[in-house]
file coords.tsv (TSV, C-alpha atoms)
chain	number	residue	atom	x	y	z
Y	1	MET	CA	12.45	-1.95	-10.03
Y	2	TYR	CA	15.19	-3.88	-8.25
Y	3	PHE	CA	17.94	-2.02	-6.40
Y	4	LEU	CA	19.97	-5.11	-5.48
Y	5	PRO	CA	21.95	-7.29	-7.89
Y	6	GLU	CA	19.69	-10.05	-9.20
Y	7	ALA	CA	21.56	-12.87	-7.47
Y	8	LEU	CA	21.44	-11.12	-4.10
Y	9	ASP	CA	17.79	-10.22	-4.57
Y	10	ASN	CA	17.01	-13.86	-5.35
Y	11	TYR	CA	18.77	-14.89	-2.12
Y	12	VAL	CA	16.73	-12.39	-0.11
Y	13	VAL	CA	13.48	-13.69	-1.58
Y	14	ALA	CA	14.48	-17.33	-1.10
Y	15	HIS	CA	15.16	-16.75	2.59
Y	16	SER	CA	11.97	-14.83	3.30
Y	17	GLU	CA	8.47	-16.13	4.00
Y	18	GLN	CA	6.75	-17.84	1.12
Y	19	GLU	CA	3.73	-16.41	-0.66
Y	20	PRO	CA	0.45	-18.05	0.46
Y	21	ASP	CA	-1.31	-20.26	-2.08
Y	22	LEU	CA	-4.34	-17.97	-2.27
Y	23	LEU	CA	-2.18	-15.03	-3.28
Y	24	GLN	CA	-0.50	-17.16	-5.93
Y	25	GLN	CA	-3.95	-17.87	-7.35
Y	26	LEU	CA	-4.85	-14.19	-7.22
Y	27	THR	CA	-1.65	-13.31	-9.07
Y	28	ARG	CA	-2.28	-15.86	-11.82
Y	29	GLU	CA	-5.83	-14.65	-12.40
Y	30	THR	CA	-4.74	-11.01	-12.35
Y	31	TYR	CA	-2.19	-11.69	-15.10
Y	32	GLN	CA	-4.79	-13.63	-17.09
Y	33	LYS	CA	-7.66	-11.16	-16.86
Y	34	VAL	CA	-6.60	-7.67	-15.73
Y	35	LEU	CA	-4.73	-4.90	-17.49
Y	36	GLN	CA	-1.43	-3.70	-15.99
Y	37	PRO	CA	-0.86	-6.71	-13.70
Y	38	ILE	CA	2.54	-5.22	-12.85
Y	39	MET	CA	0.61	-3.03	-10.38
Y	40	LEU	CA	0.47	-6.02	-8.01
Y	41	SER	CA	2.60	-5.65	-4.90
Y	42	GLY	CA	4.23	-9.02	-5.60
Y	43	PRO	CA	5.25	-11.86	-3.28
Y	44	TYR	CA	8.27	-10.30	-1.55
Y	45	GLN	CA	6.75	-6.89	-0.92
Y	46	GLY	CA	3.57	-8.62	0.08
Y	47	ARG	CA	5.41	-10.52	2.81
Y	48	VAL	CA	6.96	-7.24	3.96
Y	49	LEU	CA	3.50	-5.65	4.21
Y	50	SER	CA	2.20	-8.69	6.06
Y	51	MET	CA	5.08	-8.64	8.54
Y	52	ILE	CA	4.69	-4.92	9.26
Y	53	SER	CA	0.96	-5.36	9.80
Y	54	LYS	CA	1.53	-8.31	12.12
Y	55	LEU	CA	4.04	-6.29	14.15
Y	56	ILE	CA	1.53	-3.46	14.53
Y	57	CYS	CA	-1.53	-5.70	15.03
Y	58	PRO	CA	-3.82	-2.85	13.89
Y	59	LYS	CA	-7.46	-2.62	14.85
Y	60	SER	CA	-8.16	-0.51	11.79
Y	61	ILE	CA	-6.41	-0.25	8.42
Y	62	LEU	CA	-7.00	2.14	5.54
Y	63	GLU	CA	-5.72	1.25	2.08
Y	64	LEU	CA	-5.69	3.70	-0.83
Y	65	GLY	CA	-5.47	1.73	-4.05
Y	66	THR	CA	-6.96	-1.78	-3.97
Y	67	PHE	CA	-6.29	-2.99	-7.54
Y	68	THR	CA	-7.09	-6.72	-7.39
Y	69	GLY	CA	-6.71	-6.98	-3.62
Y	70	TYR	CA	-3.26	-8.51	-3.24
Y	71	SER	CA	-1.85	-5.94	-0.82
Y	72	THR	CA	-5.23	-5.79	0.94
Y	73	LEU	CA	-4.99	-9.45	1.88
Y	74	CYS	CA	-1.36	-9.10	2.95
Y	75	LEU	CA	-2.24	-6.24	5.30
Y	76	ALA	CA	-5.32	-8.07	6.59
Y	77	GLU	CA	-3.10	-10.88	7.88
Y	78	GLY	CA	-2.05	-8.63	10.77
Y	79	LEU	CA	-5.49	-7.41	11.80
Y	80	ALA	CA	-6.29	-7.58	15.49
Y	81	ASP	CA	-9.28	-9.67	16.52
Y	82	ASN	CA	-12.43	-7.89	15.36
Y	83	GLY	CA	-10.28	-5.40	13.43
Y	84	GLU	CA	-11.36	-4.13	10.03
Y	85	LEU	CA	-9.77	-2.89	6.84
Y	86	HIS	CA	-11.21	-0.17	4.60
Y	87	THR	CA	-9.88	-0.18	1.06
Y	88	ILE	CA	-10.59	2.42	-1.63
Y	89	ASP	CA	-10.25	2.12	-5.39
Y	90	ILE	CA	-11.67	4.07	-8.29
Y	91	ASN	CA	-12.16	1.05	-10.57
Y	92	GLU	CA	-15.62	-0.40	-9.99
Y	93	GLU	CA	-14.96	-3.16	-12.54
Y	94	LEU	CA	-12.61	-4.89	-10.11
Y	95	VAL	CA	-14.99	-5.01	-7.13
Y	96	ASP	CA	-16.27	-8.55	-7.78
Y	97	PHE	CA	-12.77	-9.83	-8.51
Y	98	GLN	CA	-11.54	-8.42	-5.22
Y	99	ARG	CA	-14.51	-9.72	-3.26
Y	100	LYS	CA	-14.05	-13.27	-4.53
Y	101	TYR	CA	-10.57	-13.44	-3.05
Y	102	PHE	CA	-11.46	-11.51	0.08
Y	103	ASP	CA	-14.16	-14.03	0.88
Y	104	LYS	CA	-11.87	-16.98	0.14
Y	105	SER	CA	-9.31	-15.60	2.57
Y	106	GLY	CA	-11.34	-15.71	5.75
Y	107	PHE	CA	-10.99	-11.94	6.16
Y	108	GLY	CA	-13.92	-11.14	3.90
Y	109	SER	CA	-16.32	-9.96	6.58
Y	110	ARG	CA	-13.71	-7.54	7.91
Y	111	ILE	CA	-12.73	-5.97	4.58
Y	112	ILE	CA	-14.91	-3.03	3.53
Y	113	GLN	CA	-14.65	-1.96	-0.10
Y	114	HIS	CA	-15.18	1.64	-1.20
Y	115	VAL	CA	-15.44	2.65	-4.85
Y	116	GLY	CA	-14.71	6.17	-5.98
Y	117	HIS	CA	-12.21	8.98	-5.50
Y	118	ALA	CA	-10.27	8.58	-2.26
Y	119	LEU	CA	-10.22	12.36	-1.82
Y	120	ASP	CA	-14.03	12.26	-1.62
Y	121	ILE	CA	-14.33	9.07	0.41
Y	122	ILE	CA	-11.73	9.62	3.14
Y	123	PRO	CA	-13.60	12.57	4.74
Y	124	THR	CA	-16.72	10.40	5.02
Y	125	LEU	CA	-14.96	7.72	7.08
Y	126	ASP	CA	-15.70	8.54	10.69
Y	127	LYS	CA	-12.87	6.35	11.95
Y	128	ARG	CA	-9.35	6.50	13.28
Y	129	PHE	CA	-6.68	4.24	11.85
Y	130	ASP	CA	-3.61	2.42	13.15
Y	131	LEU	CA	-2.17	1.66	9.73
Y	132	VAL	CA	-2.55	3.36	6.35
Y	133	PHE	CA	-1.16	2.08	3.05
Y	134	ILE	CA	-0.93	4.60	0.20
Y	135	ASP	CA	-0.53	3.05	-3.24
Y	136	ALA	CA	-2.74	5.12	-5.51
Y	137	ASP	CA	-2.32	7.97	-8.01
Y	138	LYS	CA	0.99	9.69	-7.30
Y	139	PRO	CA	-0.11	13.31	-7.98
Y	140	ASN	CA	-2.44	13.13	-4.97
Y	141	TYR	CA	-0.05	11.52	-2.46
Y	142	SER	CA	0.50	14.76	-0.52
Y	143	ARG	CA	-3.23	15.49	-0.45
Y	144	TYR	CA	-3.91	12.00	0.87
Y	145	PHE	CA	-1.35	12.56	3.63
Y	146	HIS	CA	-2.96	15.80	4.76
Y	147	LEU	CA	-6.40	14.16	4.73
Y	148	ILE	CA	-5.50	11.10	6.76
Y	149	ILE	CA	-2.91	12.41	9.22
Y	150	ASP	CA	-5.55	13.63	11.70
Y	151	GLN	CA	-7.38	10.29	11.44
Y	152	LEU	CA	-4.21	8.37	12.24
Y	153	ASN	CA	-3.79	7.36	15.86
Y	154	SER	CA	-0.69	8.45	17.75
Y	155	GLY	CA	1.99	5.86	17.01
Y	156	GLY	CA	0.12	4.86	13.87
Y	157	ILE	CA	1.95	4.00	10.67
Y	158	ILE	CA	1.67	5.27	7.10
Y	159	LEU	CA	3.20	3.01	4.46
Y	160	SER	CA	3.79	4.75	1.13
Y	161	ASP	CA	4.61	2.75	-2.00
Y	162	ASN	CA	6.62	3.73	-5.10
Y	163	VAL	CA	8.53	6.49	-3.35
Y	164	LEU	CA	11.66	5.87	-5.45
Y	165	TRP	CA	9.55	5.89	-8.62
Y	166	HIS	CA	11.72	3.74	-10.88
Y	167	GLY	CA	14.80	5.68	-9.79
Y	168	LYS	CA	13.47	8.90	-11.34
Y	169	VAL	CA	13.73	10.70	-7.98
Y	170	ILE	CA	17.48	11.15	-8.51
Y	171	GLU	CA	17.32	12.02	-12.22
Y	172	PRO	CA	16.95	15.51	-13.71
Y	173	LEU	CA	13.26	16.40	-13.50
Y	174	ASP	CA	11.26	16.73	-16.68
Y	175	LYS	CA	8.83	19.56	-15.89
Y	176	LYS	CA	6.13	17.70	-17.82
Y	177	ASP	CA	6.51	14.65	-15.58
Y	178	VAL	CA	3.73	15.32	-13.09
Y	179	SER	CA	4.04	12.03	-11.22
Y	180	THR	CA	7.77	12.30	-10.53
Y	181	LYS	CA	7.35	15.89	-9.38
Y	182	ALA	CA	4.57	14.78	-7.03
Y	183	VAL	CA	6.65	11.94	-5.57
Y	184	LEU	CA	9.57	14.30	-4.96
Y	185	GLU	CA	7.28	16.75	-3.17
Y	186	TYR	CA	5.72	13.95	-1.15
Y	187	ASN	CA	9.09	12.58	-0.05
Y	188	THR	CA	10.09	16.07	1.07
Y	189	LEU	CA	6.81	16.42	2.95
Y	190	LEU	CA	7.39	13.19	4.88
Y	191	LYS	CA	10.93	14.26	5.72
Y	192	THR	CA	9.99	17.74	6.95
Y	193	ASP	CA	6.55	17.37	8.55
Y	194	ASN	CA	7.18	17.32	12.30
Y	195	ARG	CA	4.10	15.20	12.95
Y	196	VAL	CA	5.83	12.07	11.63
Y	197	GLU	CA	9.18	10.35	11.67
Y	198	THR	CA	10.11	8.62	8.44
Y	199	VAL	CA	12.47	6.04	7.00
Y	200	VAL	CA	12.71	5.07	3.33
Y	201	LEU	CA	13.29	1.41	2.50
Y	202	PRO	CA	14.79	0.48	-0.92
Y	203	ILE	CA	12.31	-2.37	-1.31
Y	204	ARG	CA	11.17	-2.91	-4.88
Y	205	ASP	CA	10.10	0.57	-6.07
Y	206	GLY	CA	10.65	2.15	-2.65
Y	207	LEU	CA	8.53	1.85	0.49
Y	208	THR	CA	8.40	4.55	3.15
Y	209	ILE	CA	7.44	3.90	6.77
Y	210	SER	CA	6.20	7.00	8.56
Y	211	ARG	CA	5.22	6.90	12.24
Y	212	LYS	CA	2.94	9.52	13.74
Y	213	LYS	CA	4.52	11.03	16.84
call {"tool": "encode", "arguments": {"input": "coords.tsv", "output": "C-alpha coordinates"}}
result
Amino acid sequence: MYFLPEALDNYVVAHSEQEPDLLQQLTRETYQKVLQPIMLSGPYQGRVLSMISKLICPKSILELGTFTGYSTLCLAEGLADNGELHTIDINEELVDFQRKYFDKSGFGSRIIQHVGHALDIIPTLDKRFDLVFIDADKPNYSRYFHLIIDQLNSGGIILSDNVLWHGKVIEPLDKKDVSTKAVLEYNTLLKTDNRVETVVLPIRDGLTISRKK
(Lines of atoms letter the chains of each structure in order from A and count residues from 1; the text may use other names and numbers.)
(Lines give C-alpha, C1' and ligand atoms only; values in the text may rest on other atoms or scores of the structure.)
Protein backbone atom coordinates (compact mmCIF):
# COMPACT_ATOMS: atom_id res chain seq x y z
CA MET A 1 0.00 0.00 0.00
CA TYR A 2 1.22 3.49 -0.85
CA PHE A 3 0.49 6.40 1.48
CA LEU A 4 1.98 9.10 -0.75
CA PRO A 5 0.53 10.34 -4.05
CA GLU A 6 1.95 8.23 -6.88
CA ALA A 7 3.97 11.05 -8.43
CA LEU A 8 5.59 11.95 -5.12
CA ASP A 9 6.26 8.31 -4.32
CA ASN A 10 7.93 7.89 -7.71
CA TYR A 11 10.15 10.90 -6.95
CA VAL A 12 11.16 9.41 -3.59
CA VAL A 13 12.08 6.11 -5.22
CA ALA A 14 13.95 7.80 -8.07
CA HIS A 15 16.12 9.74 -5.61
CA SER A 16 16.92 6.80 -3.36
CA GLU A 17 19.57 4.10 -3.77
CA GLN A 18 19.04 1.70 -6.64
CA GLU A 19 18.19 -1.95 -6.17
CA PRO A 20 21.24 -4.24 -6.66
CA ASP A 21 21.24 -6.45 -9.75
CA LEU A 22 21.13 -9.66 -7.70
CA LEU A 23 17.93 -8.56 -5.98
CA GLN A 24 16.41 -7.70 -9.35
CA GLN A 25 17.14 -11.26 -10.43
CA LEU A 26 15.66 -12.64 -7.22
CA THR A 27 12.51 -10.58 -7.77
CA ARG A 28 12.08 -11.79 -11.35
CA GLU A 29 12.45 -15.44 -10.37
CA THR A 30 10.12 -15.02 -7.40
CA TYR A 31 7.39 -13.65 -9.69
CA GLN A 32 8.01 -16.46 -12.18
CA LYS A 33 8.04 -19.39 -9.76
CA VAL A 34 6.60 -18.56 -6.33
CA LEU A 35 3.06 -17.99 -5.14
CA GLN A 36 2.19 -14.61 -3.59
CA PRO A 37 5.25 -12.72 -4.88
CA ILE A 38 3.70 -9.55 -3.45
CA MET A 39 5.16 -10.71 -0.12
CA LEU A 40 8.57 -9.44 -1.30
CA SER A 41 9.81 -6.37 0.54
CA GLY A 42 10.40 -4.61 -2.77
CA PRO A 43 13.21 -2.32 -3.95
CA TYR A 44 12.44 0.83 -1.96
CA GLN A 45 11.72 -0.86 1.36
CA GLY A 46 14.68 -3.10 0.72
CA ARG A 47 16.96 -0.06 0.49
CA VAL A 48 15.44 1.25 3.72
CA LEU A 49 16.20 -2.05 5.47
CA SER A 50 19.72 -2.03 4.06
CA MET A 51 20.35 1.53 5.23
CA ILE A 52 19.08 0.85 8.75
CA SER A 53 21.23 -2.27 8.98
CA LYS A 54 24.29 -0.37 7.75
CA LEU A 55 23.71 2.36 10.34
CA ILE A 56 23.52 -0.24 13.11
CA CYS A 57 26.33 -2.47 11.77
CA PRO A 58 24.91 -5.45 13.70
CA LYS A 59 26.99 -8.42 14.72
CA SER A 60 23.88 -10.59 14.86
CA ILE A 61 20.53 -10.33 13.08
CA LEU A 62 17.36 -12.36 13.54
CA GLU A 63 14.74 -12.38 10.80
CA LEU A 64 11.27 -13.87 11.23
CA GLY A 65 9.83 -14.59 7.81
CA THR A 66 12.36 -15.33 5.06
CA PHE A 67 10.07 -15.90 2.04
CA THR A 68 12.49 -15.96 -0.92
CA GLY A 69 15.27 -14.13 0.91
CA TYR A 70 14.96 -10.59 -0.44
CA SER A 71 14.81 -8.80 2.91
CA THR A 72 17.42 -11.22 4.27
CA LEU A 73 19.96 -10.05 1.73
CA CYS A 74 19.08 -6.39 2.30
CA LEU A 75 19.67 -6.76 6.05
CA ALA A 76 22.87 -8.76 5.48
CA GLU A 77 24.40 -5.79 3.66
CA GLY A 78 24.93 -4.09 7.04
CA LEU A 79 26.45 -7.03 8.91
CA ALA A 80 29.62 -6.31 10.85
CA ASP A 81 32.71 -8.28 9.92
CA ASN A 82 32.19 -11.89 11.03
CA GLY A 83 28.56 -11.08 11.86
CA GLU A 84 25.80 -13.57 11.14
CA LEU A 85 22.13 -13.56 10.30
CA HIS A 86 19.61 -16.17 11.45
CA THR A 87 16.44 -16.32 9.38
CA ILE A 88 13.35 -18.42 10.13
CA ASP A 89 10.58 -19.51 7.79
CA ILE A 90 7.97 -22.23 7.94
CA ASN A 91 8.08 -23.06 4.21
CA GLU A 92 10.70 -25.74 3.61
CA GLU A 93 10.00 -25.67 -0.14
CA LEU A 94 11.76 -22.32 -0.44
CA VAL A 95 15.00 -23.32 1.29
CA ASP A 96 16.92 -24.15 -1.90
CA PHE A 97 15.63 -21.04 -3.66
CA GLN A 98 16.82 -18.89 -0.77
CA ARG A 99 20.18 -20.63 -0.54
CA LYS A 100 20.93 -20.11 -4.23
CA TYR A 101 20.70 -16.35 -3.84
CA PHE A 102 22.36 -16.27 -0.45
CA ASP A 103 25.40 -18.01 -1.89
CA LYS A 104 25.47 -15.73 -4.93
CA SER A 105 25.51 -12.70 -2.66
CA GLY A 106 28.76 -13.31 -0.84
CA PHE A 107 26.92 -13.45 2.49
CA GLY A 108 26.01 -17.11 2.15
CA SER A 109 28.36 -18.45 4.81
CA ARG A 110 26.99 -15.97 7.33
CA ILE A 111 23.29 -16.62 6.74
CA ILE A 112 21.84 -19.47 8.78
CA GLN A 113 18.47 -20.81 7.66
CA HIS A 114 15.96 -22.30 10.09
CA VAL A 115 12.83 -24.10 8.95
CA GLY A 116 9.82 -24.45 11.21
CA HIS A 117 7.66 -22.45 13.59
CA ALA A 118 9.49 -19.38 14.89
CA LEU A 119 7.80 -19.78 18.26
CA ASP A 120 9.55 -23.15 18.60
CA ILE A 121 12.88 -22.12 17.09
CA ILE A 122 13.55 -18.81 18.84
CA PRO A 123 13.94 -20.37 22.32
CA THR A 124 16.58 -22.75 20.92
CA LEU A 125 18.81 -19.92 19.68
CA ASP A 126 21.35 -19.33 22.41
CA LYS A 127 22.29 -15.92 21.04
CA ARG A 128 21.76 -12.24 21.60
CA PHE A 129 20.80 -9.99 18.72
CA ASP A 130 21.48 -6.41 17.67
CA LEU A 131 18.75 -6.29 15.04
CA VAL A 132 15.49 -8.20 14.64
CA PHE A 133 13.15 -8.00 11.64
CA ILE A 134 9.61 -9.30 12.16
CA ASP A 135 7.71 -10.00 8.94
CA ALA A 136 5.83 -13.22 9.61
CA ASP A 137 2.29 -14.27 10.57
CA LYS A 138 0.55 -11.27 12.12
CA PRO A 139 -1.43 -13.12 14.85
CA ASN A 140 1.87 -14.05 16.54
CA TYR A 141 3.60 -10.65 16.38
CA SER A 142 3.10 -9.94 20.10
CA ARG A 143 4.29 -13.42 21.05
CA TYR A 144 7.40 -12.96 18.93
CA PHE A 145 8.11 -9.66 20.69
CA HIS A 146 7.89 -11.23 24.14
CA LEU A 147 10.14 -14.10 23.04
CA ILE A 148 12.90 -11.99 21.55
CA ILE A 149 12.98 -8.92 23.77
CA ASP A 150 15.25 -10.56 26.36
CA GLN A 151 17.58 -11.78 23.58
CA LEU A 152 17.89 -8.27 22.17
CA ASN A 153 20.94 -6.33 23.28
CA SER A 154 20.50 -2.97 24.97
CA GLY A 155 20.23 -0.40 22.19
CA GLY A 156 19.19 -3.14 19.79
CA ILE A 157 16.52 -2.56 17.17
CA ILE A 158 13.31 -4.39 16.29
CA LEU A 159 11.92 -3.65 12.84
CA SER A 160 8.29 -4.67 12.41
CA ASP A 161 6.69 -4.81 8.96
CA ASN A 162 3.04 -4.33 7.91
CA VAL A 163 2.10 -2.38 11.01
CA LEU A 164 -0.42 -0.24 9.09
CA TRP A 165 -1.92 -3.37 7.54
CA HIS A 166 -3.34 -1.92 4.33
CA GLY A 167 -4.82 0.98 6.29
CA LYS A 168 -7.14 -1.35 8.23
CA VAL A 169 -5.70 -0.12 11.54
CA ILE A 170 -7.87 3.01 11.32
CA GLU A 171 -11.02 1.31 10.02
CA PRO A 172 -13.82 -0.18 12.14
CA LEU A 173 -12.63 -3.59 13.30
CA ASP A 174 -14.35 -6.69 11.99
CA LYS A 175 -14.27 -9.05 14.98
CA LYS A 176 -13.61 -11.95 12.60
CA ASP A 177 -10.48 -10.24 11.25
CA VAL A 178 -7.86 -11.92 13.40
CA SER A 179 -4.85 -10.38 11.67
CA THR A 180 -6.00 -6.78 11.96
CA LYS A 181 -6.88 -7.30 15.62
CA ALA A 182 -3.41 -8.74 16.21
CA VAL A 183 -1.67 -5.83 14.47
CA LEU A 184 -3.67 -3.32 16.54
CA GLU A 185 -2.70 -5.12 19.75
CA TYR A 186 0.93 -5.30 18.65
CA ASN A 187 1.09 -1.60 17.84
CA THR A 188 -0.34 -0.82 21.28
CA LEU A 189 2.22 -3.14 22.87
CA LEU A 190 5.12 -1.35 21.19
CA LYS A 191 3.73 2.01 22.25
CA THR A 192 3.19 1.07 25.90
CA ASP A 193 5.98 -1.39 26.75
CA ASN A 194 8.53 0.63 28.71
CA ARG A 195 11.40 -1.56 27.56
CA VAL A 196 11.37 0.01 24.10
CA GLU A 197 10.94 3.35 22.41
CA THR A 198 9.08 3.24 19.12
CA VAL A 199 8.41 5.26 15.99
CA VAL A 200 6.10 4.22 13.15
CA LEU A 201 7.19 5.03 9.60
CA PRO A 202 4.52 5.23 6.83
CA ILE A 203 6.76 3.29 4.45
CA ARG A 204 4.86 0.98 2.13
CA ASP A 205 2.57 -1.02 4.46
CA GLY A 206 4.05 0.53 7.61
CA LEU A 207 7.41 -0.13 9.26
CA THR A 208 8.01 0.32 12.97
CA ILE A 209 11.43 0.95 14.50
CA SER A 210 11.63 -0.01 18.16
CA ARG A 211 14.81 0.53 20.17
CA LYS A 212 15.47 -1.39 23.37
CA LYS A 213 16.33 0.99 26.19
call {"tool": "residues_around", "arguments": {"input": "coords.tsv", "residues": "Asn187 in chain Y", "least_positions_apart": "5", "cutoff": "10 Å", "atoms": "only C-alpha atoms", "output": "number ranges by chain"}}
result
Y: 141-142, 160, 163-164, 169, 182, 192, 198, 200, 208
call {"tool": "closest_atom_pairs", "arguments": {"input": "coords.tsv", "of": "range 93-209 of chain Y", "to": "range 20-39 of chain Y", "cutoff": "9 Å", "atoms": "all atoms listed in the file", "output": "JSON lines"}}
result
{"residue": "Y:Leu94", "atom": "CA", "partner": "Y:Val34", "partner_atom": "CA", "distance": 8.7}
{"residue": "Y:Phe97", "atom": "CA", "partner": "Y:Thr30", "partner_atom": "CA", "distance": 9.0}
{"residue": "Y:Tyr101", "atom": "CA", "partner": "Y:Leu26", "partner_atom": "CA", "distance": 7.1}
{"residue": "Y:Lys104", "atom": "CA", "partner": "Y:Leu22", "partner_atom": "CA", "distance": 8.0}
{"residue": "Y:Ser105", "atom": "CA", "partner": "Y:Leu22", "partner_atom": "CA", "distance": 7.3}
call {"tool": "residues_around", "arguments": {"input": "coords.tsv", "residues": "Gln18 in chain Y", "least_positions_apart": "6", "cutoff": "12 Å", "atoms": "only C-alpha atoms", "output": "number ranges by chain"}}
result
Y: 12, 24, 42-48, 50-51
call {"tool": "residues_around", "arguments": {"input": "coords.tsv", "residues": "Asp126 in chain Y", "least_positions_apart": "4", "cutoff": "12 Å", "atoms": "only C-alpha atoms", "output": "PyMOL selection string"}}
result
chain Y and resi 60+62+86+121-122+148+150-152
call {"tool": "atom_distance", "arguments": {"input": "coords.tsv", "atom1": "CA of Val196 in chain Y", "atom2": "CA of Arg211 in chain Y"}}
result
5.2 Å
call {"tool": "closest_residue", "arguments": {"input": "coords.tsv", "among": "Y:Glu63, Y:Asp177, Y:Asp130, Y:Glu77", "to": "Gly155 in chain Y", "atoms": "only C-alpha atoms"}}
result
Y:Asp130
call {"tool": "closest_residue", "arguments": {"input": "coords.tsv", "among": "Y:Ile149, Y:Ala80, Y:Ile112, Y:Ala7", "to": "Val95 in chain Y", "atoms": "all atoms listed in the file"}}
result
Y:Ile112
call {"tool": "residues_around", "arguments": {"input": "coords.tsv", "residues": "Thr180 in chain Y", "least_positions_apart": "5", "cutoff": "9 Å", "atoms": "all atoms listed in the file", "output": "list of chain:residue names"}}
result
Y:Lys138, Y:Pro139, Y:Trp165, Y:Lys168, Y:Val169, Y:Leu173, Y:Asp174, Y:Glu185
call {"tool": "residues_around", "arguments": {"input": "coords.tsv", "residues": "Asp89 in chain Y", "least_positions_apart": "4", "cutoff": "7 Å", "atoms": "all atoms listed in the file", "output": "list of chain:residue names"}}
result
Y:Leu64, Y:Gly65, Y:Thr66, Y:Phe67, Y:His114, Y:Val115, Y:Gly116
call {"tool": "atom_distance", "arguments": {"input": "coords.tsv", "atom1": "CA of Lys127 in chain Y", "atom2": "CA of Ser179 in chain Y"}}
result
29.2 Å
call {"tool": "closest_residue", "arguments": {"input": "coords.tsv", "among": "Y:Lys100, Y:Arg195, Y:Arg110, Y:Lys213", "to": "Phe145 in chain Y", "atoms": "only C-alpha atoms"}}
result
Y:Arg195
call {"tool": "atom_distance", "arguments": {"input": "coords.tsv", "atom1": "CA of Cys57 in chain Y", "atom2": "CA of Tyr144 in chain Y"}}
result
22.8 Å
call {"tool": "closest_residue", "arguments": {"input": "coords.tsv", "among": "Y:Thr188, Y:Thr87, Y:Asn153, Y:Asn140", "to": "Lys59 in chain Y", "atoms": "only C-alpha atoms"}}
result
Y:Asn153
